[in-house]
>>> print(open('input-v7.tsv').read())   # TSV, C-alpha atoms and all ligand atoms
chain	number	residue	atom	x	y	z
A	1	MET	CA	-45.88	-40.38	-11.38
A	2	ALA	CA	-45.60	-43.69	-13.29
A	3	CYS	CA	-47.15	-45.54	-10.34
A	4	VAL	CA	-50.07	-43.13	-10.32
A	5	LEU	CA	-50.75	-43.64	-14.04
A	6	LEU	CA	-50.61	-47.42	-13.59
A	7	LEU	CA	-53.02	-47.28	-10.67
A	8	SER	CA	-55.50	-45.16	-12.61
A	9	ARG	CA	-55.48	-47.71	-15.48
A	10	VAL	CA	-56.12	-50.77	-13.33
A	11	LEU	CA	-58.91	-49.16	-11.32
A	12	PRO	CA	-62.44	-49.44	-12.73
A	13	SER	CA	-63.97	-46.23	-14.07
A	14	SER	CA	-66.69	-46.33	-11.45
A	15	HIS	CA	-64.16	-45.56	-8.80
A	16	ARG	CA	-63.88	-41.93	-9.87
A	17	LEU	CA	-63.77	-40.62	-6.32
A	18	LEU	CA	-60.91	-42.90	-5.40
A	19	ARG	CA	-59.07	-41.97	-8.60
A	20	THR	CA	-59.33	-38.26	-7.82
A	21	SER	CA	-57.92	-38.88	-4.33
A	22	VAL	CA	-54.96	-40.83	-5.75
A	23	TRP	CA	-54.22	-37.97	-8.20
A	24	SER	CA	-54.25	-35.41	-5.40
A	25	LEU	CA	-51.99	-37.61	-3.26
A	26	SER	CA	-49.58	-38.08	-6.16
A	27	ILE	CA	-49.30	-34.32	-6.75
A	28	LEU	CA	-48.60	-33.81	-3.06
A	29	LEU	CA	-45.91	-36.54	-3.06
A	30	THR	CA	-44.26	-35.08	-6.18
A	31	TYR	CA	-44.09	-31.65	-4.54
A	32	LEU	CA	-42.53	-33.09	-1.37
A	33	CYS	CA	-39.89	-34.99	-3.40
A	34	TYR	CA	-39.03	-31.79	-5.29
A	35	CYS	CA	-38.55	-29.86	-2.04
A	36	ALA	CA	-36.35	-32.56	-0.53
A	37	LEU	CA	-34.11	-32.65	-3.62
A	38	PHE	CA	-33.54	-28.88	-4.06
A	39	SER	CA	-33.78	-27.46	-0.56
A	40	SER	CA	-29.96	-27.39	0.10
A	41	ASP	CA	-29.36	-25.10	-2.87
A	42	THR	CA	-32.10	-22.77	-1.70
A	43	ILE	CA	-30.50	-22.48	1.76
A	44	MET	CA	-27.03	-21.73	0.29
A	45	GLN	CA	-28.48	-18.96	-1.80
A	46	LYS	CA	-30.20	-17.43	1.19
A	47	SER	CA	-27.15	-17.59	3.42
A	48	GLY	CA	-25.40	-15.52	0.77
A	49	ASP	CA	-21.93	-16.96	1.40
A	50	PRO	CA	-20.46	-17.10	-2.05
A	51	THR	CA	-21.70	-14.64	-4.64
A	52	PRO	CA	-23.58	-16.23	-7.58
A	53	SER	CA	-20.61	-15.91	-9.95
A	54	CYS	CA	-18.27	-17.36	-7.32
A	55	ARG	CA	-20.68	-20.26	-6.78
A	56	ARG	CA	-20.34	-21.11	-10.45
A	57	VAL	CA	-16.56	-21.08	-10.17
A	58	LEU	CA	-16.56	-23.20	-7.02
A	59	ALA	CA	-18.94	-25.69	-8.59
A	60	ASP	CA	-16.62	-26.10	-11.61
A	61	GLY	CA	-13.93	-27.42	-9.30
A	62	GLY	CA	-11.23	-27.22	-12.03
A	63	LYS	CA	-7.62	-26.57	-10.97
A	64	ARG	CA	-7.30	-23.46	-13.10
A	65	HIS	CA	-10.19	-21.98	-11.17
A	66	LEU	CA	-8.61	-22.45	-7.76
A	67	GLN	CA	-7.09	-18.99	-7.69
A	68	LYS	CA	-10.41	-17.40	-8.58
A	69	SER	CA	-12.22	-19.56	-6.08
A	70	LEU	CA	-9.91	-18.35	-3.33
A	71	SER	CA	-10.55	-14.77	-4.24
A	72	CYS	CA	-14.24	-15.48	-3.98
A	73	VAL	CA	-14.04	-16.65	-0.39
A	74	LEU	CA	-10.98	-14.88	1.04
A	75	PRO	CA	-11.44	-11.55	2.75
A	76	LEU	CA	-9.13	-8.82	1.34
A	77	GLU	CA	-6.50	-9.14	4.06
A	78	ALA	CA	-6.34	-12.90	3.74
A	79	LYS	CA	-5.98	-12.42	-0.02
A	80	GLN	CA	-3.03	-10.09	0.52
A	81	ASN	CA	-1.44	-12.57	2.89
A	82	SER	CA	-2.10	-15.36	0.45
A	83	ALA	CA	-0.27	-13.33	-2.21
A	84	HIS	CA	2.49	-12.76	0.28
A	85	ALA	CA	2.64	-16.47	1.05
A	86	SER	CA	3.10	-17.30	-2.62
A	87	ARG	CA	5.75	-14.61	-2.86
A	88	LEU	CA	7.63	-16.22	0.02
A	89	LYS	CA	7.32	-19.55	-1.73
A	90	SER	CA	8.75	-18.20	-4.96
A	91	ASP	CA	11.65	-16.77	-2.95
A	92	GLN	CA	12.33	-20.35	-1.74
A	93	ARG	CA	11.74	-19.29	1.84
A	94	PRO	CA	10.43	-21.73	4.47
A	95	ALA	CA	6.68	-22.04	4.07
A	96	SER	CA	6.04	-23.62	7.48
A	97	ARG	CA	3.79	-20.79	8.65
A	98	PHE	CA	1.56	-21.23	5.65
A	99	THR	CA	0.89	-24.95	5.93
A	100	ALA	CA	-2.66	-24.22	7.07
A	101	ALA	CA	-3.43	-23.05	3.55
A	102	ARG	CA	-2.16	-26.24	1.87
A	103	ASN	CA	-4.90	-28.59	0.82
A	104	ASP	CA	-3.04	-31.86	1.52
A	105	THR	CA	-3.68	-31.61	5.26
A	106	PRO	CA	-7.02	-31.18	7.01
A	107	SER	CA	-7.56	-27.48	7.52
A	108	PRO	CA	-10.29	-25.07	8.51
A	109	PRO	CA	-12.33	-23.49	5.69
A	110	VAL	CA	-10.03	-21.19	3.70
A	111	GLY	CA	-12.29	-18.19	4.15
A	112	TYR	CA	-11.64	-18.14	7.88
A	113	ILE	CA	-7.83	-18.27	7.82
A	114	LYS	CA	-6.12	-15.07	8.89
A	115	PHE	CA	-2.36	-14.78	8.87
A	116	GLY	CA	-0.64	-12.81	11.64
A	117	ASN	CA	-1.79	-9.78	13.55
A	118	LYS	CA	-2.22	-6.09	12.91
A	119	LYS	CA	0.64	-4.29	14.63
A	120	LEU	CA	1.51	-0.63	15.05
A	121	PRO	CA	4.29	0.34	12.63
A	122	ASN	CA	7.88	-0.43	13.53
A	123	ALA	CA	9.13	1.99	10.89
A	124	ILE	CA	7.63	5.12	9.31
A	125	ILE	CA	8.69	7.11	6.27
A	126	VAL	CA	8.01	10.55	7.73
A	127	GLY	CA	9.07	12.75	4.83
A	128	VAL	CA	9.74	14.75	2.91
A	129	LYS	CA	6.96	15.62	0.52
A	130	LYS	CA	8.16	15.18	-3.11
A	131	GLY	CA	11.41	13.68	-1.85
A	132	GLY	CA	10.80	10.23	-3.32
A	133	THR	CA	8.83	8.71	-0.44
A	134	ARG	CA	6.55	6.64	-2.68
A	135	ALA	CA	9.51	5.09	-4.47
A	136	VAL	CA	11.14	4.10	-1.16
A	137	LEU	CA	7.93	2.54	0.15
A	138	GLU	CA	7.17	0.64	-3.06
A	139	PHE	CA	10.76	-0.60	-3.32
A	140	ILE	CA	11.14	-1.71	0.30
A	141	ARG	CA	7.77	-3.42	0.42
A	142	ILE	CA	8.87	-6.02	-2.13
A	143	HIS	CA	11.02	-7.36	0.71
A	144	PRO	CA	9.22	-10.44	2.08
A	145	ASP	CA	9.75	-9.29	5.67
A	146	VAL	CA	8.05	-5.94	5.11
A	147	ARG	CA	4.35	-5.20	4.92
A	148	ALA	CA	3.05	-1.69	4.46
A	149	VAL	CA	-0.08	0.43	4.26
A	150	GLY	CA	-0.41	1.61	0.66
A	151	THR	CA	-2.14	4.92	1.35
A	152	GLU	CA	-0.96	7.78	3.53
A	153	THR	CA	-2.70	7.41	6.90
A	154	HIS	CA	-2.05	10.97	8.20
A	155	PHE	CA	-2.65	9.56	11.65
A	156	PHE	CA	-0.13	11.67	13.57
A	157	ASP	CA	-1.08	14.96	11.90
A	158	ARG	CA	-4.77	14.86	10.89
A	159	ASN	CA	-6.31	11.78	12.50
A	160	TYR	CA	-4.68	11.64	15.92
A	161	ASP	CA	-8.02	12.01	17.72
A	162	ARG	CA	-9.15	8.67	16.29
A	163	GLY	CA	-6.74	6.88	18.62
A	164	LEU	CA	-4.13	4.15	18.29
A	165	ASP	CA	-6.67	1.35	17.87
A	166	TRP	CA	-7.99	3.07	14.74
A	167	TYR	CA	-4.44	3.45	13.49
A	168	ARG	CA	-3.60	-0.19	14.20
A	169	GLY	CA	-6.74	-1.18	12.33
A	170	LEU	CA	-5.33	0.38	9.15
A	171	MET	CA	-2.24	-1.81	9.29
A	172	PRO	CA	-1.81	-5.01	7.28
A	173	ARG	CA	-1.54	-8.28	9.17
A	174	THR	CA	2.05	-9.32	9.78
A	175	LEU	CA	3.81	-12.42	10.99
A	176	GLU	CA	6.19	-12.16	13.95
A	177	SER	CA	9.20	-11.93	11.63
A	178	GLN	CA	7.74	-9.13	9.50
A	179	ILE	CA	7.87	-5.40	10.06
A	180	THR	CA	4.98	-3.01	9.52
A	181	MET	CA	5.49	0.29	7.70
A	182	GLU	CA	3.57	3.32	6.55
A	183	LYS	CA	4.50	6.60	4.89
A	184	THR	CA	3.04	10.05	5.37
A	185	PRO	CA	5.46	12.75	4.12
A	186	SER	CA	3.78	15.64	5.94
A	187	TYR	CA	4.85	14.20	9.33
A	188	PHE	CA	8.35	15.64	8.92
A	189	VAL	CA	7.11	19.23	9.09
A	190	THR	CA	4.28	18.81	11.61
A	191	LYS	CA	5.32	20.12	15.01
A	192	GLU	CA	3.35	17.60	17.11
A	193	THR	CA	4.37	14.50	15.18
A	194	PRO	CA	7.76	13.60	16.77
A	195	HIS	CA	6.27	13.74	20.24
A	196	ARG	CA	3.23	11.70	19.20
A	197	ILE	CA	5.27	8.99	17.47
A	198	SER	CA	7.59	8.71	20.47
A	199	ALA	CA	4.51	8.39	22.71
A	200	MET	CA	3.42	5.42	20.57
A	201	SER	CA	6.90	3.86	20.71
A	202	ARG	CA	10.31	5.36	21.32
A	203	ASP	CA	11.72	2.49	19.26
A	204	THR	CA	9.99	3.50	16.04
A	205	LYS	CA	12.49	3.72	13.21
A	206	LEU	CA	12.18	6.83	11.07
A	207	ILE	CA	13.07	7.28	7.43
A	208	VAL	CA	13.39	10.69	5.78
A	209	VAL	CA	13.86	10.95	2.03
A	210	VAL	CA	15.52	14.30	1.37
A	211	ARG	CA	16.03	16.07	-1.92
A	212	ASP	CA	17.58	19.37	-3.00
A	213	PRO	CA	15.15	21.85	-1.42
A	214	VAL	CA	15.03	24.04	-4.54
A	215	THR	CA	14.09	21.16	-6.86
A	216	ARG	CA	11.72	19.88	-4.18
A	217	ALA	CA	9.95	23.27	-4.02
A	218	ILE	CA	9.57	23.34	-7.82
A	219	SER	CA	8.24	19.78	-7.79
A	220	ASP	CA	5.78	20.73	-5.04
A	221	TYR	CA	4.63	23.78	-7.00
A	222	THR	CA	4.30	21.73	-10.22
A	223	GLN	CA	2.02	19.30	-8.40
A	224	THR	CA	-0.17	22.06	-6.95
A	225	LEU	CA	-0.36	23.77	-10.34
A	226	SER	CA	-1.56	20.54	-11.95
A	227	LYS	CA	-4.55	20.63	-9.59
A	228	THR	CA	-5.02	24.43	-9.47
A	229	PRO	CA	-4.23	25.90	-12.92
A	230	ASP	CA	-4.93	29.54	-11.91
A	231	LEU	CA	-2.21	29.51	-9.24
A	232	PRO	CA	0.05	32.63	-9.07
A	233	SER	CA	3.51	32.16	-10.56
A	234	PHE	CA	6.24	30.31	-8.62
A	235	GLN	CA	8.20	33.55	-8.17
A	236	GLU	CA	5.17	35.42	-6.82
A	237	LEU	CA	4.72	32.77	-4.16
A	238	ALA	CA	8.38	32.14	-3.36
A	239	PHE	CA	9.47	35.74	-2.80
A	240	ARG	CA	8.19	38.56	-0.63
A	241	ASN	CA	10.38	40.83	-2.71
A	242	GLN	CA	12.40	39.16	-5.46
A	243	SER	CA	14.58	42.19	-6.32
A	244	LEU	CA	15.66	42.31	-2.66
A	245	GLY	CA	16.02	38.52	-2.56
A	246	LEU	CA	13.47	38.22	0.25
A	247	VAL	CA	12.15	34.67	0.34
A	248	ASP	CA	8.68	33.95	1.71
A	249	THR	CA	9.29	31.25	4.32
A	250	SER	CA	5.60	31.11	5.19
A	251	TRP	CA	4.90	29.43	1.83
A	252	ASN	CA	4.83	25.69	2.52
A	253	ALA	CA	6.80	24.80	-0.60
A	254	ILE	CA	9.67	26.88	0.80
A	255	ARG	CA	9.21	26.01	4.48
A	256	ILE	CA	9.36	22.23	3.94
A	257	GLY	CA	12.91	22.56	2.57
A	258	LEU	CA	14.28	24.02	5.82
A	259	TYR	CA	15.35	20.52	6.82
A	260	ALA	CA	17.68	21.58	9.65
A	261	LEU	CA	14.87	23.39	11.48
A	262	HIS	CA	12.46	20.49	11.25
A	263	LEU	CA	15.14	17.98	12.23
A	264	GLU	CA	15.85	19.93	15.44
A	265	ASN	CA	12.30	19.19	16.54
A	266	TRP	CA	12.71	15.45	15.86
A	267	LEU	CA	15.99	15.29	17.75
A	268	ARG	CA	14.19	16.39	20.90
A	269	TYR	CA	12.41	13.03	20.89
A	270	PHE	CA	14.57	10.62	18.88
A	271	PRO	CA	18.32	9.96	18.76
A	272	LEU	CA	19.92	10.59	15.37
A	273	ALA	CA	20.77	6.87	15.09
A	274	GLN	CA	17.06	6.13	14.89
A	275	ILE	CA	16.58	8.33	11.84
A	276	HIS	CA	17.77	7.23	8.41
A	277	PHE	CA	18.16	9.72	5.58
A	278	VAL	CA	17.70	8.59	2.00
A	279	SER	CA	19.10	10.75	-0.77
A	280	GLY	CA	16.27	11.50	-3.20
A	281	GLU	CA	18.84	12.08	-5.94
A	282	ARG	CA	20.69	8.78	-5.43
A	283	LEU	CA	17.38	6.97	-5.18
A	284	ILE	CA	17.03	7.71	-8.91
A	285	THR	CA	20.63	7.06	-9.99
A	286	ASP	CA	21.34	4.11	-7.67
A	287	PRO	CA	18.09	2.70	-6.21
A	288	ALA	CA	19.74	-0.59	-5.19
A	289	GLY	CA	22.45	1.24	-3.23
A	290	GLU	CA	19.90	3.36	-1.35
A	291	LEU	CA	17.71	0.33	-0.69
A	292	ALA	CA	20.71	-1.62	0.65
A	293	ARG	CA	21.18	1.09	3.28
A	294	VAL	CA	17.46	1.16	4.09
A	295	GLN	CA	17.47	-2.63	4.60
A	296	ASP	CA	20.55	-2.39	6.86
A	297	PHE	CA	18.89	0.35	8.89
A	298	LEU	CA	15.74	-1.74	9.31
A	299	GLY	CA	17.78	-4.79	10.31
A	300	LEU	CA	16.64	-6.72	7.25
A	301	LYS	CA	18.57	-9.14	5.11
A	302	ARG	CA	19.60	-7.45	1.83
A	303	ILE	CA	17.05	-9.08	-0.42
A	304	VAL	CA	16.08	-6.07	-2.57
A	305	THR	CA	19.09	-5.66	-4.87
A	306	ASP	CA	19.99	-4.35	-8.32
A	307	LYS	CA	18.43	-7.44	-9.89
A	308	HIS	CA	15.01	-5.98	-8.95
A	309	PHE	CA	15.45	-2.72	-10.89
A	310	TYR	CA	15.82	-1.52	-14.44
A	311	PHE	CA	16.00	2.02	-15.76
A	312	ASN	CA	12.95	2.94	-17.80
A	313	ARG	CA	14.13	5.43	-20.44
A	314	THR	CA	10.62	6.58	-21.36
A	315	LYS	CA	9.76	7.32	-17.75
A	316	GLY	CA	13.27	8.55	-16.91
A	317	PHE	CA	13.23	6.64	-13.61
A	318	PRO	CA	14.13	3.27	-12.20
A	319	CYS	CA	11.23	0.84	-12.11
A	320	LEU	CA	10.75	-2.58	-10.59
A	321	LYS	CA	11.32	-5.48	-12.95
A	322	LYS	CA	8.42	-7.66	-13.98
A	323	PRO	CA	7.53	-9.90	-11.03
A	324	GLU	CA	7.00	-13.59	-11.86
A	325	SER	CA	3.32	-13.34	-11.02
A	326	SER	CA	2.57	-10.32	-13.20
A	327	SER	CA	2.68	-9.48	-16.86
A	328	SER	CA	4.00	-5.94	-16.61
A	329	PRO	CA	6.93	-4.16	-14.95
A	330	ARG	CA	6.11	-1.69	-12.20
A	331	CYS	CA	6.89	2.00	-12.57
A	332	LEU	CA	5.38	4.64	-10.28
A	333	GLY	CA	2.26	6.42	-11.53
A	334	LYS	CA	1.87	9.57	-13.63
A	335	SER	CA	1.93	11.84	-10.58
A	336	LYS	CA	5.61	10.94	-10.09
A	337	GLY	CA	8.11	12.42	-12.48
A	338	ARG	CA	6.03	15.28	-13.89
A	339	THR	CA	7.83	17.73	-16.17
A	340	HIS	CA	8.71	20.63	-13.90
A	341	VAL	CA	7.57	24.18	-14.50
A	342	GLN	CA	10.43	26.26	-15.98
A	343	ILE	CA	11.78	28.76	-13.44
A	344	ASP	CA	14.24	31.47	-14.48
A	345	ARG	CA	17.88	31.01	-13.47
A	346	ASP	CA	18.01	34.12	-11.29
A	347	ALA	CA	15.18	32.92	-9.09
A	348	ILE	CA	16.83	29.52	-8.76
A	349	GLU	CA	20.17	31.12	-7.81
A	350	GLN	CA	18.45	33.30	-5.23
A	351	LEU	CA	16.81	30.25	-3.70
A	352	ARG	CA	20.11	28.35	-3.68
A	353	ASP	CA	21.70	31.24	-1.77
A	354	PHE	CA	18.79	31.28	0.62
A	355	TYR	CA	18.92	27.55	1.38
A	356	ARG	CA	22.75	27.22	1.53
A	357	PRO	CA	23.22	27.93	5.27
A	358	TYR	CA	20.28	25.67	6.18
A	359	ASN	CA	21.70	22.89	4.00
A	360	VAL	CA	25.17	23.21	5.54
A	361	LYS	CA	23.63	23.06	9.00
A	362	PHE	CA	21.64	19.98	7.95
A	363	TYR	CA	24.77	18.21	6.59
A	364	GLU	CA	26.50	18.87	9.93
A	365	MET	CA	23.58	17.57	11.93
A	366	VAL	CA	23.27	14.30	10.00
A	367	GLY	CA	26.99	13.87	9.28
A	368	HIS	CA	26.51	13.61	5.53
A	369	ASP	CA	26.99	16.04	2.64
A	370	PHE	CA	24.15	15.69	0.14
A	371	ARG	CA	25.88	18.09	-2.32
A	372	TRP	CA	22.88	20.22	-3.23
A	373	GLU	CA	24.56	22.89	-5.33
B	401	LIG	N1	11.63	5.41	-9.30
B	401	LIG	C1	10.98	6.56	-9.30
B	401	LIG	N2	9.91	6.75	-10.10
B	401	LIG	C2	9.26	7.93	-10.09
B	401	LIG	N3	9.60	8.98	-9.30
B	401	LIG	C3	10.65	8.83	-8.49
B	401	LIG	C4	11.39	7.63	-8.45
B	401	LIG	N4	12.36	7.78	-7.55
B	401	LIG	C5	12.26	9.01	-7.06
B	401	LIG	N5	11.23	9.65	-7.63
B	401	LIG	C6	10.86	11.01	-7.33
B	401	LIG	O1	9.78	10.98	-6.41
B	401	LIG	C7	9.19	12.26	-6.47
B	401	LIG	C8	7.85	12.24	-5.76
B	401	LIG	O2	8.13	12.16	-4.42
B	401	LIG	P1	7.10	11.55	-3.37
B	401	LIG	O3	6.76	10.17	-3.75
B	401	LIG	O4	7.70	11.73	-2.02
B	401	LIG	O5	5.86	12.50	-3.57
B	401	LIG	S1	4.64	12.72	-2.58
B	401	LIG	O6	5.08	13.59	-1.51
B	401	LIG	O7	4.20	11.40	-2.11
B	401	LIG	O8	3.61	13.37	-3.43
B	401	LIG	C9	9.14	12.56	-7.94
B	401	LIG	O9	9.24	13.94	-8.07
B	401	LIG	P2	8.92	14.72	-9.44
B	401	LIG	O10	9.90	14.19	-10.46
B	401	LIG	O11	9.16	16.12	-9.14
B	401	LIG	O12	7.50	14.39	-9.79
B	401	LIG	C10	10.35	11.83	-8.51
B	401	LIG	O13	11.38	12.67	-8.92
>>> encode(input="input-v7.tsv", output="structure tokens")
Amino acid sequence: MACVLLLSRVLPSSHRLLRTSVWSLSILLTYLCYCALFSSDTIMQKSGDPTPSCRRVLADGGKRHLQKSLSCVLPLEAKQNSAHASRLKSDQRPASRFTAARNDTPSPPVGYIKFGNKKLPNAIIVGVKKGGTRAVLEFIRIHPDVRAVGTETHFFDRNYDRGLDWYRGLMPRTLESQITMEKTPSYFVTKETPHRISAMSRDTKLIVVVRDPVTRAISDYTQTLSKTPDLPSFQELAFRNQSLGLVDTSWNAIRIGLYALHLENWLRYFPLAQIHFVSGERLITDPAGELARVQDFLGLKRIVTDKHFYFNRTKGFPCLKKPESSSSPRCLGKSKGRTHVQIDRDAIEQLRDFYRPYNVKFYEMVGHDFRWE
């Protein structure tokens, strides 16, 4: 622009035509310079790679923004694996598999790194509903060699038609040394499930969290009542005729507690040694002890120990201690540990009498007395 002004001063005023041409040329040149300078930014915006807010973070380049920058470019799975990688690091475990993510060596763009592969589960928590399945999954998945699907997949009971590739797609990525897990408590009482799981792999390890069937039924009812307030009373549903002590075994809350019957179906497809039973009661009084047995069963080093738990008096349950990376301890949500509906003693006694022979049979089958009295 300065050149143009200079030119227009030195030229005589009679050369108006020439001056107009120089002005036009200068405007054109200015426009071209502008385009050349700012075109790269325009292209980045159009390609839509980072979101605008992420672009700001990336442009800052400050160290404290690195974490946020990663979350801008990493896909969800890579983020989870990145979290897992840092967890391994804090456990002082070898980080050799994660060297690709270090920025002191040349590496591909972070957004394209994917750790491990999606594998079908090696171990499944198959039941029982309201037994304490969520607690077992959340406790075992703090083990660095375990990765799990957070939600219940219901593949083997409701989604079987979608096929194994769909199921595999739900799984988190795992490294060779890690095991994949999921939990869906309704599997234990679904007739087709044992056969379907054995068709996927006869080596699948199965975990069943069992709890006194009477307390379990009340817990089940309490949950349903919280969603359906106009439900008939517990007694109305549990008995065909309460004065005669006739229990209604067609009611799911009762049927689920017939553990011996359901187990018979599983034993047609899996040896007992491949099924591990967790005591729902001991899971509350001694979570570390139960988790030690779960880790042994899964062939894992005992890494989850009593140092990971504390008893939360307000909640009335064990919770996970505050992890280094987080500001708050981890207790299970409000849907776990609801105050149970009060059921009269007679009804409870009748149900205890009803379940006793099934419980005894179950203790014999598994070789362990759970002492539900
Ligand atoms: N640590 C800890 N925190 C909270 N709750 C715990 C814990 N350990 C076991 N439990 C018991 O788990 C019961 C819920 O069982 P599930 O997780 O299998 O329920 S569900 O089937 O997934 O809905 C839940 O049952 P209710 O107390 O009847 O709600 C708990 O008693």
>>> atom_distance(input="input-v7.tsv", atom1="CA of Glu176 in chain A", atom2="CA of Leu137 in chain A")
20.2 Å
>>> residues_near_ligand(input="input-v7.tsv", ligand="ligand LIG 401 (chain B)", cutoff="9 Å", atoms="all atoms listed in the file", output="ChimeraX atom specification")
/A:127-137,139,152,183-186,209-210,215-220,222-223,280-285,287,311-312,315-320,331-340
>>> residues_around(input="input-v7.tsv", residues="range 259-275 of chain A", least_positions_apart="5", cutoff="10 Å", atoms="only C-alpha atoms", output="PyMOL selection string")
chain A and resi 123-126+128+188-199+202-208+210-211+213+297-298+355+357-367
>>> atom_distance(input="input-v7.tsv", atom1="CA of Lys118 in chain A", atom2="CA of Thr174 in chain A")
6.2 Å
>>> atom_distance(input="input-v7.tsv", atom1="CA of Thr224 in chain A", atom2="CA of Phe277 in chain A")
25.4 Å
>>> build_atoms(input="input-v7.tsv", residues="range 237-255 of chain A", atoms="N, CA and C atoms", output="PDB file, in the frame of the given file")
ATOM      1  N   LEU A 237       4.941  33.455  -5.426  1.00  0.00           N
ATOM      2  CA  LEU A 237       4.720  32.770  -4.160  1.00  0.00           C
ATOM      3  C   LEU A 237       6.012  32.615  -3.353  1.00  0.00           C
ATOM      4  N   ALA A 238       7.124  32.457  -4.056  1.00  0.00           N
ATOM      5  CA  ALA A 238       8.380  32.140  -3.360  1.00  0.00           C
ATOM      6  C   ALA A 238       9.048  33.361  -2.732  1.00  0.00           C
ATOM      7  N   PHE A 239       8.776  34.550  -3.301  1.00  0.00           N
ATOM      8  CA  PHE A 239       9.470  35.740  -2.800  1.00  0.00           C
ATOM      9  C   PHE A 239       8.498  36.774  -2.230  1.00  0.00           C
ATOM     10  N   ARG A 240       8.913  37.363  -1.125  1.00  0.00           N
ATOM     11  CA  ARG A 240       8.190  38.560  -0.630  1.00  0.00           C
ATOM     12  C   ARG A 240       8.568  39.734  -1.509  1.00  0.00           C
ATOM     13  N   ASN A 241       9.867  39.792  -1.821  1.00  0.00           N
ATOM     14  CA  ASN A 241      10.380  40.830  -2.710  1.00  0.00           C
ATOM     15  C   ASN A 241      11.566  40.234  -3.471  1.00  0.00           C
ATOM     16  N   GLN A 242      11.344  39.893  -4.734  1.00  0.00           N
ATOM     17  CA  GLN A 242      12.400  39.160  -5.460  1.00  0.00           C
ATOM     18  C   GLN A 242      13.619  40.041  -5.717  1.00  0.00           C
ATOM     19  N   SER A 243      13.403  41.351  -6.026  1.00  0.00           N
ATOM     20  CA  SER A 243      14.580  42.190  -6.320  1.00  0.00           C
ATOM     21  C   SER A 243      15.465  42.335  -5.071  1.00  0.00           C
ATOM     22  N   LEU A 244      14.851  42.236  -3.894  1.00  0.00           N
ATOM     23  CA  LEU A 244      15.660  42.310  -2.660  1.00  0.00           C
ATOM     24  C   LEU A 244      16.100  40.916  -2.194  1.00  0.00           C
ATOM     25  N   GLY A 245      15.655  39.906  -2.907  1.00  0.00           N
ATOM     26  CA  GLY A 245      16.020  38.520  -2.560  1.00  0.00           C
ATOM     27  C   GLY A 245      15.337  38.035  -1.288  1.00  0.00           C
ATOM     28  N   LEU A 246      14.184  38.626  -0.976  1.00  0.00           N
ATOM     29  CA  LEU A 246      13.470  38.220   0.250  1.00  0.00           C
ATOM     30  C   LEU A 246      12.557  37.027  -0.016  1.00  0.00           C
ATOM     31  N   VAL A 247      12.905  35.914   0.569  1.00  0.00           N
ATOM     32  CA  VAL A 247      12.150  34.670   0.340  1.00  0.00           C
ATOM     33  C   VAL A 247      10.993  34.584   1.326  1.00  0.00           C
ATOM     34  N   ASP A 248       9.863  34.081   0.847  1.00  0.00           N
ATOM     35  CA  ASP A 248       8.680  33.950   1.710  1.00  0.00           C
ATOM     36  C   ASP A 248       8.678  32.566   2.389  1.00  0.00           C
ATOM     37  N   THR A 249       9.177  32.542   3.611  1.00  0.00           N
ATOM     38  CA  THR A 249       9.290  31.250   4.320  1.00  0.00           C
ATOM     39  C   THR A 249       7.948  30.756   4.855  1.00  0.00           C
ATOM     40  N   SER A 250       6.910  31.580   4.722  1.00  0.00           N
ATOM     41  CA  SER A 250       5.600  31.110   5.190  1.00  0.00           C
ATOM     42  C   SER A 250       4.930  30.236   4.110  1.00  0.00           C
ATOM     43  N   TRP A 251       5.451  30.303   2.879  1.00  0.00           N
ATOM     44  CA  TRP A 251       4.900  29.430   1.830  1.00  0.00           C
ATOM     45  C   TRP A 251       5.402  28.008   2.077  1.00  0.00           C
ATOM     46  N   ASN A 252       4.497  27.079   2.181  1.00  0.00           N
ATOM     47  CA  ASN A 252       4.830  25.690   2.520  1.00  0.00           C
ATOM     48  C   ASN A 252       5.913  25.103   1.627  1.00  0.00           C
ATOM     49  N   ALA A 253       5.831  25.392   0.326  1.00  0.00           N
ATOM     50  CA  ALA A 253       6.800  24.800  -0.600  1.00  0.00           C
ATOM     51  C   ALA A 253       8.223  25.230  -0.246  1.00  0.00           C
ATOM     52  N   ILE A 254       8.357  26.411   0.347  1.00  0.00           N
ATOM     53  CA  ILE A 254       9.670  26.880   0.800  1.00  0.00           C
ATOM     54  C   ILE A 254       9.984  26.315   2.184  1.00  0.00           C
ATOM     55  N   ARG A 255       9.012  26.395   3.072  1.00  0.00           N
ATOM     56  CA  ARG A 255       9.210  26.010   4.480  1.00  0.00           C
ATOM     57  C   ARG A 255       9.635  24.543   4.628  1.00  0.00           C
TER      58      ARG A 255
END
